[in-house]
Amino acid sequence: MRVRFLFYEDCPSHELALERLREVLDEKGIDASVEVVGVESEEQAQELRFVGSPTILLDGQDIAPPPPDAHYALTCRAYHLEDGRISPLPSPDTIRRAIDAAEKSEPGDG
C-alpha cells in the first residue's frame with residue numbers, strides 16, 4: 001500500500017494527524033512507509049490536487065474524498081467526524097475504514 005501524507009506547514013494539526021496515521025498503521029500491522037510531502041506553493045497544491053492540510057492518500061485515494069468541485073489550495077482542511085462535528089484532523093476510525101477499503105481493493109497476496 002502506498003501511503004502519502006500531504007501537509008501545509010501553516011496548519012497546526014499536521015503533526016498530530018501524522019502521528020495518528022502512523023499509530024493506526026502500526027495497530028493494523030501494516031508495514032508501509034509514509035511518504036511525507038510538504039506542499040509549499042499554490043502551483044504545487046494544484047498539481048497534487050491538494051484540498052487542504054492534512055491530506056492522507058492511500059494508493060492515490062483520499063481517505064475522505066472531497067466533492068468533485070473541490071478547490072485546490074494552500075489551506076487547512078476540515079474533516080466531518082462520525083458524530084457530526086467538524087475537526088482539523090481525521091478521526092482514527094476514518095483512517096481505519098480507509099485502510100480497510102484500500103486493503104480490500106488491492107490484488108490478493110495468495
# chains A, B, ... in the order shown; residues from 1 in each chain; ligands from 1

$ residues_around --residues "range 35-51 of chain A" --least-positions-apart "4" --cutoff "6 Å" --atoms "only C-alpha atoms" --output "list in words"
Arg4, Phe5, Leu6, Phe7, Tyr8, Tyr72, Ala73 and Leu74 of chain A

$ residues_around --residues "Leu16 in chain A" --least-positions-apart "3" --cutoff "10 Å" --atoms "only C-alpha atoms" --output "list in words"
Pro12, Ser13, Glu19, Arg20, Leu21, Arg22, Pro54, Leu89 and Pro90 of chain A

$ residues_around --residues "range 80-84 of chain A" --least-positions-apart "6" --cutoff "12 Å" --atoms "only C-alpha atoms" --output "MDAnalysis selection string"
chainID A and resid 63:66 90:95 97

$ select_by_dssp --residues "chain A" --states "alpha helix (DSSP H)" --output "number ranges by chain"
A: 14-27, 42-48, 92-105

$ write_last_selection --atoms "C-alpha atoms" --output "PDB file, in the first residue's frame"
ATOM      1  CA  HIS A  14      -0.499  18.111  10.627  1.00  0.00           C
ATOM      2  CA  GLU A  15       1.913  16.749  13.250  1.00  0.00           C
ATOM      3  CA  LEU A  16      -0.852  15.119  15.290  1.00  0.00           C
ATOM      4  CA  ALA A  17      -2.505  13.800  12.117  1.00  0.00           C
ATOM      5  CA  LEU A  18       0.749  12.163  11.007  1.00  0.00           C
ATOM      6  CA  GLU A  19       1.186  10.619  14.458  1.00  0.00           C
ATOM      7  CA  ARG A  20      -2.416   9.341  14.319  1.00  0.00           C
ATOM      8  CA  LEU A  21      -1.853   7.841  10.854  1.00  0.00           C
ATOM      9  CA  ARG A  22       1.294   6.022  11.980  1.00  0.00           C
ATOM     10  CA  GLU A  23      -0.449   4.719  15.109  1.00  0.00           C
ATOM     11  CA  VAL A  24      -3.314   3.255  13.062  1.00  0.00           C
ATOM     12  CA  LEU A  25      -0.894   1.671  10.572  1.00  0.00           C
ATOM     13  CA  ASP A  26       1.021   0.101  13.489  1.00  0.00           C
ATOM     14  CA  GLU A  27      -2.186  -1.044  15.174  1.00  0.00           C
ATOM     15  CA  GLU A  42      -0.326  27.241  -4.910  1.00  0.00           C
ATOM     16  CA  GLU A  43       1.111  25.658  -8.069  1.00  0.00           C
ATOM     17  CA  GLN A  44       2.120  22.541  -6.156  1.00  0.00           C
ATOM     18  CA  ALA A  45      -1.322  22.447  -4.493  1.00  0.00           C
ATOM     19  CA  GLN A  46      -2.926  22.424  -7.950  1.00  0.00           C
ATOM     20  CA  GLU A  47      -0.547  19.722  -9.239  1.00  0.00           C
ATOM     21  CA  LEU A  48      -1.187  17.474  -6.241  1.00  0.00           C
ATOM     22  CA  PRO A  92      -8.680   7.221  13.853  1.00  0.00           C
ATOM     23  CA  ASP A  93     -11.877   5.465  12.692  1.00  0.00           C
ATOM     24  CA  THR A  94     -11.835   7.400   9.404  1.00  0.00           C
ATOM     25  CA  ILE A  95      -8.236   6.311   8.862  1.00  0.00           C
ATOM     26  CA  ARG A  96      -9.036   2.692   9.801  1.00  0.00           C
ATOM     27  CA  ARG A  97     -12.010   2.486   7.425  1.00  0.00           C
ATOM     28  CA  ALA A  98      -9.956   3.943   4.576  1.00  0.00           C
ATOM     29  CA  ILE A  99      -7.148   1.439   5.203  1.00  0.00           C
ATOM     30  CA  ASP A 100      -9.649  -1.437   5.276  1.00  0.00           C
ATOM     31  CA  ALA A 101     -11.141  -0.270   1.966  1.00  0.00           C
ATOM     32  CA  ALA A 102      -7.689   0.116   0.391  1.00  0.00           C
ATOM     33  CA  GLU A 103      -6.687  -3.377   1.520  1.00  0.00           C
ATOM     34  CA  LYS A 104      -9.852  -4.874   0.008  1.00  0.00           C
ATOM     35  CA  SER A 105      -9.163  -3.207  -3.330  1.00  0.00           C
TER      36      SER A 105
END

$ residues_around --residues "Cys11 in chain A" --least-positions-apart "5" --cutoff "10 Å" --atoms "only C-alpha atoms" --output "NGL selection string"
:A and (52-54 or 74-77 or 88)

$ write_last_selection --atoms "C-alpha atoms" --output "PDB file, in the first residue's frame"
ATOM      1  CA  GLY A  52      -6.032  21.134   2.444  1.00  0.00           C
ATOM      2  CA  SER A  53      -3.768  20.091   5.271  1.00  0.00           C
ATOM      3  CA  PRO A  54      -3.582  17.374   6.316  1.00  0.00           C
ATOM      4  CA  LEU A  74      -2.686  26.048   0.397  1.00  0.00           C
ATOM      5  CA  THR A  75      -5.234  25.839   3.171  1.00  0.00           C
ATOM      6  CA  CYS A  76      -6.149  23.941   6.294  1.00  0.00           C
ATOM      7  CA  ARG A  77      -8.621  21.108   5.971  1.00  0.00           C
ATOM      8  CA  PRO A  88      -8.974  19.709  11.615  1.00  0.00           C
TER       9      PRO A  88
END

$ atom_distance --atom1 "CA of Lys28 in chain A" --atom2 "CA of Arg85 in chain A"
25.7 Å

$ atom_distance --atom1 "CA of Tyr79 in chain A" --atom2 "CA of Arg2 in chain A"
21.7 Å

$ atom_distance --atom1 "CA of Asp59 in chain A" --atom2 "CA of Ser87 in chain A"
23.8 Å

$ select_by_dssp --residues "range 53-100 of chain A" --states "strand (DSSP E or B)" --output "ChimeraX atom specification"
/A:53,55-58,61-62,76,79-80,86-87

$ write_last_selection --atoms "N, CA and C atoms" --output "mmCIF file, in the first residue's frame"
data_model
loop_
_atom_site.group_PDB
_atom_site.id
_atom_site.type_symbol
_atom_site.label_atom_id
_atom_site.label_comp_id
_atom_site.auth_asym_id
_atom_site.auth_seq_id
_atom_site.Cartn_x
_atom_site.Cartn_y
_atom_site.Cartn_z
ATOM 1 N N SER A 53 -4.673 20.799 4.375
ATOM 2 C CA SER A 53 -3.768 20.091 5.271
ATOM 3 C C SER A 53 -4.485 19.704 6.553
ATOM 4 N N THR A 55 -3.781 15.997 4.338
ATOM 5 C CA THR A 55 -4.441 15.090 3.399
ATOM 6 C C THR A 55 -3.685 13.767 3.425
ATOM 7 N N ILE A 56 -4.428 12.682 3.552
ATOM 8 C CA ILE A 56 -3.843 11.341 3.566
ATOM 9 C C ILE A 56 -4.345 10.593 2.342
ATOM 10 N N LEU A 57 -3.400 10.082 1.560
ATOM 11 C CA LEU A 57 -3.736 9.316 0.362
ATOM 12 C C LEU A 57 -3.256 7.882 0.528
ATOM 13 N N LEU A 58 -4.138 6.949 0.254
ATOM 14 C CA LEU A 58 -3.806 5.522 0.272
ATOM 15 C C LEU A 58 -3.944 5.014 -1.149
ATOM 16 N N GLN A 61 -5.752 7.401 -3.293
ATOM 17 C CA GLN A 61 -7.129 7.765 -2.960
ATOM 18 C C GLN A 61 -7.181 8.497 -1.620
ATOM 19 N N ASP A 62 -7.888 9.626 -1.605
ATOM 20 C CA ASP A 62 -8.056 10.403 -0.382
ATOM 21 C C ASP A 62 -8.884 9.601 0.626
ATOM 22 N N CYS A 76 -5.935 24.982 5.290
ATOM 23 C CA CYS A 76 -6.149 23.941 6.294
ATOM 24 C C CYS A 76 -7.439 23.207 5.946
ATOM 25 N N TYR A 79 -12.424 18.017 8.569
ATOM 26 C CA TYR A 79 -12.977 16.667 8.413
ATOM 27 C C TYR A 79 -14.297 16.578 9.169
ATOM 28 N N HIS A 80 -15.260 15.879 8.595
ATOM 29 C CA HIS A 80 -16.533 15.610 9.267
ATOM 30 C C HIS A 80 -16.363 14.340 10.091
ATOM 31 N N ILE A 86 -17.073 18.920 13.266
ATOM 32 C CA ILE A 86 -16.009 19.223 12.309
ATOM 33 C C ILE A 86 -14.689 19.253 13.081
ATOM 34 N N SER A 87 -13.633 18.722 12.464
ATOM 35 C CA SER A 87 -12.322 18.673 13.116
ATOM 36 C C SER A 87 -11.225 18.948 12.088
#
